[in-house]
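K.L.:
Next comes start16.cif, mmCIF, C-alpha atoms:
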data_data
loop_
_atom_site.label_atom_id
_atom_site.label_comp_id
_atom_site.auth_asym_id
_atom_site.auth_seq_id
_atom_site.Cartn_x
_atom_site.Cartn_y
_atom_site.Cartn_z
CA MET A 1 -23.23 -12.66 -14.63
CA ASP A 2 -26.35 -11.32 -12.95
CA LEU A 3 -27.70 -10.35 -16.34
CA ILE A 4 -27.30 -13.91 -17.63
CA PHE A 5 -29.00 -15.24 -14.52
CA PHE A 6 -31.96 -12.90 -14.84
CA GLY A 7 -32.31 -13.70 -18.51
CA LEU A 8 -32.33 -17.43 -17.88
CA ALA A 9 -34.67 -17.05 -14.91
CA GLY A 10 -37.06 -14.99 -17.02
CA VAL A 11 -37.03 -17.61 -19.76
CA ALA A 12 -37.63 -20.36 -17.20
CA LEU A 13 -40.53 -18.54 -15.57
CA ILE A 14 -42.23 -17.48 -18.80
CA SER A 15 -41.93 -20.93 -20.33
CA GLY A 16 -43.20 -22.41 -17.05
CA VAL A 17 -46.29 -20.21 -17.21
CA LEU A 18 -46.79 -21.26 -20.82
CA VAL A 19 -46.52 -24.94 -19.82
CA VAL A 20 -49.33 -24.53 -17.34
CA PHE A 21 -51.68 -22.50 -19.52
CA GLN A 22 -51.53 -24.28 -22.88
CA THR A 23 -54.62 -26.10 -24.06
CA HIS A 24 -52.79 -28.79 -26.02
CA PRO A 25 -50.33 -31.09 -24.20
CA LEU A 26 -47.97 -31.06 -27.18
CA ARG A 27 -47.34 -27.33 -26.80
CA SER A 28 -46.94 -27.76 -23.07
CA ALA A 29 -44.26 -30.39 -23.68
CA LEU A 30 -42.36 -28.15 -26.09
CA TRP A 31 -42.39 -25.24 -23.64
CA LEU A 32 -41.27 -27.58 -20.88
CA ILE A 33 -38.19 -28.39 -22.98
CA VAL A 34 -37.41 -24.67 -23.15
CA ASN A 35 -37.84 -24.53 -19.38
CA PHE A 36 -35.40 -27.41 -18.87
CA PHE A 37 -32.79 -25.78 -21.08
CA ALA A 38 -33.04 -22.51 -19.15
CA VAL A 39 -32.65 -24.34 -15.83
CA ALA A 40 -29.66 -26.23 -17.26
CA GLY A 41 -28.09 -22.87 -18.07
CA ILE A 42 -28.55 -21.80 -14.46
CA TYR A 43 -26.89 -25.04 -13.35
CA LEU A 44 -23.91 -24.05 -15.47
CA LEU A 45 -23.77 -20.69 -13.71
CA LEU A 46 -23.72 -22.56 -10.40
CA HIS A 47 -20.69 -24.66 -11.36
CA ALA A 48 -22.64 -27.87 -11.82
CA GLU A 49 -21.51 -28.80 -15.30
CA PHE A 50 -22.17 -32.50 -14.96
CA ILE A 51 -25.72 -31.98 -13.70
CA ALA A 52 -26.37 -29.48 -16.49
CA ALA A 53 -25.31 -32.04 -19.08
CA ILE A 54 -27.42 -34.74 -17.41
CA GLN A 55 -30.35 -32.33 -17.27
CA ILE A 56 -30.22 -31.82 -21.02
CA ILE A 57 -29.55 -35.45 -21.91
CA VAL A 58 -31.96 -37.13 -19.51
CA TYR A 59 -34.71 -34.55 -19.04
CA ALA A 60 -34.82 -32.62 -22.28
CA GLY A 61 -33.68 -35.66 -24.24
CA ALA A 62 -35.08 -38.88 -22.89
CA ILE A 63 -38.01 -37.91 -20.68
CA MET A 64 -39.49 -35.32 -22.99
CA VAL A 65 -39.15 -37.62 -25.99
CA LEU A 66 -41.10 -40.18 -23.99
CA PHE A 67 -43.76 -37.56 -23.31
CA LEU A 68 -43.96 -36.57 -26.97
CA PHE A 69 -44.22 -40.22 -28.01
CA VAL A 70 -47.12 -40.81 -25.67
CA ILE A 71 -48.90 -37.59 -26.65
CA MET A 72 -48.66 -38.45 -30.32
CA LEU A 73 -49.55 -42.10 -29.65
CA LEU A 74 -52.76 -41.10 -27.90
CA ASN A 75 -53.62 -38.79 -30.80
CA LEU A 76 -55.85 -36.41 -28.88
CA ARG A 77 -57.96 -34.56 -31.37
CA GLN A 78 -60.25 -32.32 -29.42
CA PRO A 79 -58.65 -29.57 -27.38
CA GLU A 80 -58.92 -30.74 -23.83
CA GLU A 81 -61.06 -29.37 -21.06
CA PRO A 82 -63.86 -27.30 -22.52
CA THR A 83 -63.51 -24.00 -20.73
CA LYS A 84 -67.14 -23.41 -20.00
CA GLU A 85 -66.27 -22.39 -16.47
CA PRO A 86 -62.99 -20.49 -16.47
CA TYR A 87 -63.09 -19.60 -12.78
CA SER A 88 -64.32 -22.71 -11.05
CA ALA A 89 -63.86 -23.01 -7.30
CA GLN A 90 -61.21 -25.67 -7.84
CA LYS A 91 -59.02 -23.36 -9.89
CA VAL A 92 -59.33 -20.45 -7.49
CA VAL A 93 -58.53 -22.68 -4.52
CA GLY A 94 -55.65 -24.32 -6.38
CA VAL A 95 -54.00 -21.02 -7.24
CA ALA A 96 -54.59 -19.68 -3.73
CA LEU A 97 -53.12 -22.80 -2.13
CA SER A 98 -50.04 -22.69 -4.35
CA ALA A 99 -49.50 -19.02 -3.60
CA ALA A 100 -49.86 -19.72 0.11
CA ALA A 101 -47.35 -22.58 -0.13
CA ALA A 102 -44.88 -20.31 -1.93
CA LEU A 103 -45.39 -17.64 0.71
CA PHE A 104 -44.77 -20.05 3.58
CA LEU A 105 -41.73 -21.52 1.85
CA SER A 106 -40.14 -18.13 1.26
CA TYR A 107 -40.99 -17.01 4.80
CA GLY A 108 -39.39 -20.15 6.25
CA LEU A 109 -36.32 -19.79 4.06
CA ALA A 110 -35.95 -16.15 5.08
CA GLN A 111 -35.84 -17.15 8.75
CA VAL A 112 -32.83 -19.42 8.29
CA LYS A 113 -29.45 -17.85 8.93
CA MET A 114 -26.84 -19.33 6.65
CA SER A 115 -23.18 -18.59 6.29
CA PRO A 116 -21.30 -19.63 3.19
CA ALA A 117 -18.64 -22.27 3.38
CA ALA A 118 -15.00 -21.51 2.91
CA PRO A 119 -13.87 -21.41 -0.72
CA ALA A 120 -13.39 -24.93 -1.98
CA LYS A 121 -9.96 -26.36 -2.39
CA VAL A 122 -8.89 -26.37 -5.97
CA GLY A 123 -8.50 -29.93 -7.08
CA LEU A 124 -10.87 -32.29 -8.75
CA GLY A 125 -13.26 -31.00 -11.36
CA ASN A 126 -17.00 -31.24 -11.01
CA THR A 127 -17.51 -34.53 -12.81
CA GLU A 128 -14.55 -36.18 -11.16
CA SER A 129 -15.62 -35.23 -7.67
CA ILE A 130 -19.14 -36.49 -8.37
CA ALA A 131 -17.77 -39.78 -9.66
CA LYS A 132 -15.52 -40.15 -6.65
CA LEU A 133 -18.39 -39.54 -4.26
CA LEU A 134 -20.74 -41.77 -6.23
CA PHE A 135 -18.49 -44.80 -5.92
CA THR A 136 -17.44 -44.29 -2.31
CA ASP A 137 -19.92 -42.60 0.03
CA TYR A 138 -23.00 -43.07 -2.12
CA LEU A 139 -22.30 -46.56 -3.39
CA LEU A 140 -25.33 -48.19 -1.76
CA PRO A 141 -27.87 -45.60 -3.00
CA PHE A 142 -26.29 -45.90 -6.42
CA GLU A 143 -26.86 -49.65 -6.50
CA VAL A 144 -30.39 -49.26 -5.14
CA THR A 145 -31.03 -46.82 -7.97
CA SER A 146 -30.21 -49.52 -10.49
CA VAL A 147 -32.76 -51.81 -8.84
CA LEU A 148 -35.30 -48.98 -8.97
CA LEU A 149 -34.72 -48.54 -12.68
CA LEU A 150 -35.12 -52.29 -13.21
CA VAL A 151 -38.42 -52.21 -11.33
CA ALA A 152 -39.57 -49.28 -13.47
CA ILE A 153 -38.69 -51.15 -16.66
CA VAL A 154 -40.56 -54.25 -15.55
CA GLY A 155 -43.53 -52.18 -14.44
CA ALA A 156 -43.71 -50.29 -17.72
CA VAL A 157 -43.50 -53.50 -19.74
CA VAL A 158 -46.19 -55.23 -17.68
CA LEU A 159 -48.51 -52.22 -17.83
CA SER A 160 -48.19 -51.79 -21.56
CA LYS A 161 -48.51 -55.49 -22.31
CA SER A 162 -51.53 -56.75 -20.46
CA LYS A 163 -55.07 -55.52 -20.58
CA LEU A 164 -56.10 -53.90 -17.33
CA LYS A 165 -59.03 -55.89 -16.04
CA MET B 1 -20.25 -17.71 -5.76
CA VAL B 2 -21.47 -15.23 -8.29
CA VAL B 3 -25.22 -15.68 -8.18
CA PRO B 4 -26.60 -14.87 -4.70
CA LEU B 5 -28.39 -17.72 -2.97
CA PRO B 6 -31.68 -15.83 -2.39
CA TYR B 7 -32.12 -15.34 -6.13
CA ILE B 8 -31.75 -19.07 -6.72
CA LEU B 9 -34.14 -19.95 -3.92
CA GLY B 10 -36.65 -17.37 -5.12
CA LEU B 11 -36.63 -18.80 -8.62
CA SER B 12 -36.91 -22.29 -7.16
CA VAL B 13 -39.94 -21.35 -5.05
CA ALA B 14 -41.55 -19.61 -8.02
CA LEU B 15 -41.09 -22.61 -10.30
CA PHE B 16 -42.36 -24.94 -7.58
CA ALA B 17 -45.49 -22.85 -7.05
CA LEU B 18 -46.05 -22.71 -10.80
CA GLY B 19 -45.85 -26.49 -11.00
CA ALA B 20 -48.21 -26.81 -8.05
CA ILE B 21 -50.70 -24.50 -9.74
CA GLY B 22 -50.50 -26.65 -12.85
CA VAL B 23 -51.03 -29.87 -10.90
CA LEU B 24 -54.00 -28.42 -9.04
CA ILE B 25 -55.90 -26.63 -11.80
CA ARG B 26 -55.25 -28.68 -14.93
CA ARG B 27 -57.35 -31.74 -15.66
CA ASN B 28 -55.26 -33.31 -18.41
CA ILE B 29 -53.23 -36.11 -16.89
CA LEU B 30 -50.32 -35.55 -19.27
CA ILE B 31 -50.03 -31.88 -18.32
CA ILE B 32 -50.29 -32.84 -14.65
CA LEU B 33 -47.32 -35.19 -15.09
CA MET B 34 -45.36 -32.45 -16.86
CA CYS B 35 -46.05 -29.97 -14.07
CA LEU B 36 -44.87 -32.62 -11.63
CA GLU B 37 -41.60 -32.74 -13.54
CA MET B 38 -41.36 -28.98 -13.25
CA MET B 39 -41.79 -29.19 -9.47
CA LEU B 40 -39.03 -31.81 -9.23
CA ASN B 41 -36.88 -29.53 -11.35
CA ALA B 42 -37.48 -26.62 -8.99
CA VAL B 43 -36.33 -28.72 -6.04
CA ASN B 44 -33.25 -29.76 -8.01
CA LEU B 45 -32.48 -26.11 -8.58
CA ALA B 46 -32.59 -25.45 -4.84
CA PHE B 47 -30.26 -28.42 -4.26
CA ILE B 48 -27.76 -27.11 -6.80
CA GLY B 49 -27.95 -23.63 -5.33
CA PHE B 50 -27.16 -24.93 -1.86
CA ALA B 51 -24.42 -27.19 -3.22
CA ASP B 52 -22.75 -24.16 -4.75
CA TYR B 53 -23.30 -22.05 -1.64
CA PHE B 54 -21.82 -24.57 0.78
CA LYS B 55 -19.20 -25.84 -1.69
CA ALA B 56 -20.37 -29.40 -1.17
CA VAL B 57 -20.91 -31.87 -4.00
CA ASP B 58 -23.44 -33.85 -1.94
CA GLY B 59 -26.27 -31.62 -3.17
CA GLN B 60 -25.45 -32.60 -6.72
CA MET B 61 -25.56 -36.26 -5.72
CA PHE B 62 -29.10 -35.77 -4.49
CA VAL B 63 -30.04 -34.14 -7.78
CA PHE B 64 -28.62 -37.18 -9.54
CA PHE B 65 -30.85 -39.50 -7.52
CA VAL B 66 -33.89 -37.26 -7.92
CA MET B 67 -33.40 -37.38 -11.68
CA THR B 68 -33.24 -41.17 -11.59
CA VAL B 69 -36.45 -41.39 -9.60
CA ALA B 70 -38.07 -38.88 -11.97
CA ALA B 71 -37.12 -40.99 -14.97
CA ALA B 72 -38.56 -44.12 -13.37
CA GLU B 73 -41.69 -42.24 -12.35
CA VAL B 74 -42.25 -40.92 -15.86
CA ALA B 75 -41.77 -44.37 -17.41
CA VAL B 76 -44.31 -45.99 -15.10
CA GLY B 77 -46.66 -42.99 -15.15
CA LEU B 78 -46.80 -42.82 -18.93
CA ALA B 79 -47.33 -46.58 -19.13
CA LEU B 80 -50.27 -46.10 -16.76
CA VAL B 81 -51.60 -43.25 -18.90
CA VAL B 82 -51.48 -45.41 -22.01
CA ALA B 83 -53.16 -48.31 -20.18
CA ILE B 84 -55.90 -46.03 -18.85
CA PHE B 85 -56.39 -44.48 -22.26
CA ARG B 86 -56.82 -47.92 -23.80
CA GLN B 87 -59.40 -48.83 -21.20
CA ARG B 88 -61.36 -45.59 -20.87
CA ALA B 89 -60.34 -43.52 -23.92
CA THR B 90 -59.78 -40.40 -21.83
CA VAL B 91 -56.94 -38.41 -20.34
CA ASN B 92 -59.18 -36.22 -18.23
CA VAL B 93 -58.67 -36.97 -14.56
CA ASP B 94 -62.25 -35.95 -13.74
CA ASP B 95 -63.48 -38.95 -15.73
CA LEU B 96 -61.35 -41.37 -13.73
CA ASN B 97 -63.60 -41.75 -10.72
CA ILE B 98 -64.20 -45.48 -10.39
CA LEU B 99 -62.51 -45.41 -7.00
CA LYS B 100 -64.94 -42.77 -5.81
CA TRP B 101 -67.96 -44.26 -4.13
#
Mind converting the file's structure to structure tokens?
P.N.:
Amino acid sequence: MDLIFFGLAGVALISGVLVVFQTHPLRSALWLIVNFFAVAGIYLLLHAEFIAAIQIIVYAGAIMVLFLFVIMLLNLRQPEEPTKEPYSAQKVVGVALSAAAALFLSYGLAQVKMSPAAPAKVGLGNTESIAKLLFTDYLLPFEVTSVLLLVAIVGAVVLSKSKLK
Amino acid sequence: MVVPLPYILGLSVALFALGAIGVLIRRNILIILMCLEMMLNAVNLAFIGFADYFKAVDGQMFVFFVMTVAAAEVAVGLALVVAIFRQRATVNVDDLNILKW
């Protein structure tokens, strides 16, 4: 089991690095899909089957197709960002800040003492328990989510329709 | 619980930092949006890890909502990218400085 985890984590990390350091956005998008699949595999290891399926359908399916549509629609010919200055101050500071953030995060997480919960009662499966929770305790956020999606649809339509003045 | 929690959190932090590096050093707005997705994904991974550790499904509910917000954000963000590209014919964020005085 550990071997599967390390394999998937390695795939996720390597494809993540490749997403960041590709010159063309199309290649970045394709590597990001690999990254999402690896993370979905880790979700499966963590007994989150429903979320893994949603990850593949929504992220790797819908969102990345949207990205690929837009990239091909824009039809960027020249490779972006001429690398005349590979080590600009902005890049050095950006990498340093991210590393510092990661350091602080891991330090903070290491300080927390956590004890695992008792083994769960065997009963509902993953999807069923999510559905039960979604329509009882989380009913209001669920409905608000639908409004949010409606707002996003309207916003996208308005933005793509009118000329920005 | 087969996979130890520190491994999950370590991977999550690493992916988050990688996404942050991408957001900070890349100048292509599409790649910045993709790295943003990667950061959201890293946070989702931490949520799922904790949900498995504490045997609570609530963490998975939060991932569900984060994914919804991410979908909405990508739809609006890409519409903005297309609108900006129509107006300015660029996807380089350094060229988008009309708000800078």
K.L.:
Translate the PyMOL selection byres ((chain B) within 6 of (chain A)) into a concrete residue list for this structure, as a VMD selection string.
P.N.:
chain B and resid 13 17 20 to 22 24 to 25 31 52 to 55 72 76 79
K.L.:
Counting all atoms listed in the file, which of B:Val23, B:Leu36, B:Val57, B:Ile48 gets nearest to Leu5 in chain B?
P.N.:
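Using all atoms listed in the file, the shortest distance to Leu5 in chain B belongs to B:Ile48.
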K.L.:
Could you please determine the separation between CA of Val65 in chain A and CA of Ala52 in chain A in Å, to one decimal place?
P.N.:
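Separating CA of Val65 in chain A from CA of Ala52 in chain A is a distance of 17.9 Å.
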K.L.:
Just so the selection is clear, what residues does the PyMOL selection byres ((chain B and resi 43) around 9) cover here, as a PDB file with C-alpha atoms, in the coordinates of the input?
P.N.:
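For reference, result-v9.pdb as written:
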ATOM      1  CA  SER B  12     -36.910 -22.290  -7.160  1.00  0.00           C
ATOM      2  CA  VAL B  13     -39.940 -21.350  -5.050  1.00  0.00           C
ATOM      3  CA  LEU B  15     -41.090 -22.610 -10.300  1.00  0.00           C
ATOM      4  CA  PHE B  16     -42.360 -24.940  -7.580  1.00  0.00           C
ATOM      5  CA  MET B  38     -41.360 -28.980 -13.250  1.00  0.00           C
ATOM      6  CA  MET B  39     -41.790 -29.190  -9.470  1.00  0.00           C
ATOM      7  CA  LEU B  40     -39.030 -31.810  -9.230  1.00  0.00           C
ATOM      8  CA  ASN B  41     -36.880 -29.530 -11.350  1.00  0.00           C
ATOM      9  CA  ALA B  42     -37.480 -26.620  -8.990  1.00  0.00           C
ATOM     10  CA  ASN B  44     -33.250 -29.760  -8.010  1.00  0.00           C
ATOM     11  CA  LEU B  45     -32.480 -26.110  -8.580  1.00  0.00           C
ATOM     12  CA  ALA B  46     -32.590 -25.450  -4.840  1.00  0.00           C
ATOM     13  CA  PHE B  47     -30.260 -28.420  -4.260  1.00  0.00           C
ATOM     14  CA  ILE B  48     -27.760 -27.110  -6.800  1.00  0.00           C
ATOM     15  CA  VAL B  63     -30.040 -34.140  -7.780  1.00  0.00           C
TER      16      VAL B  63
END
K.L.:
Using CA of Gly77 in chain B and CA of Leu140 in chain A as the two end points, give the distance in Å to one decimal.
P.N.:
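Result for CA of Gly77 in chain B versus CA of Leu140 in chain A: 25.7 Å, one decimal.
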K.L.:
Separation of CA of Gly49 in chain B and CA of Thr136 in chain A, in Å?
P.N.:
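Straight-line distance from CA of Gly49 in chain B to CA of Thr136 in chain A works out to 23.4 Å.
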K.L.:
Which residues match the PyMOL selection byres ((chain B and resi 91-99) around 10) in the file above, as number ranges by chain?
P.N.:
A: 74, 76, 80-81; B: 26-32, 81-82, 84-85, 88-90, 100-101
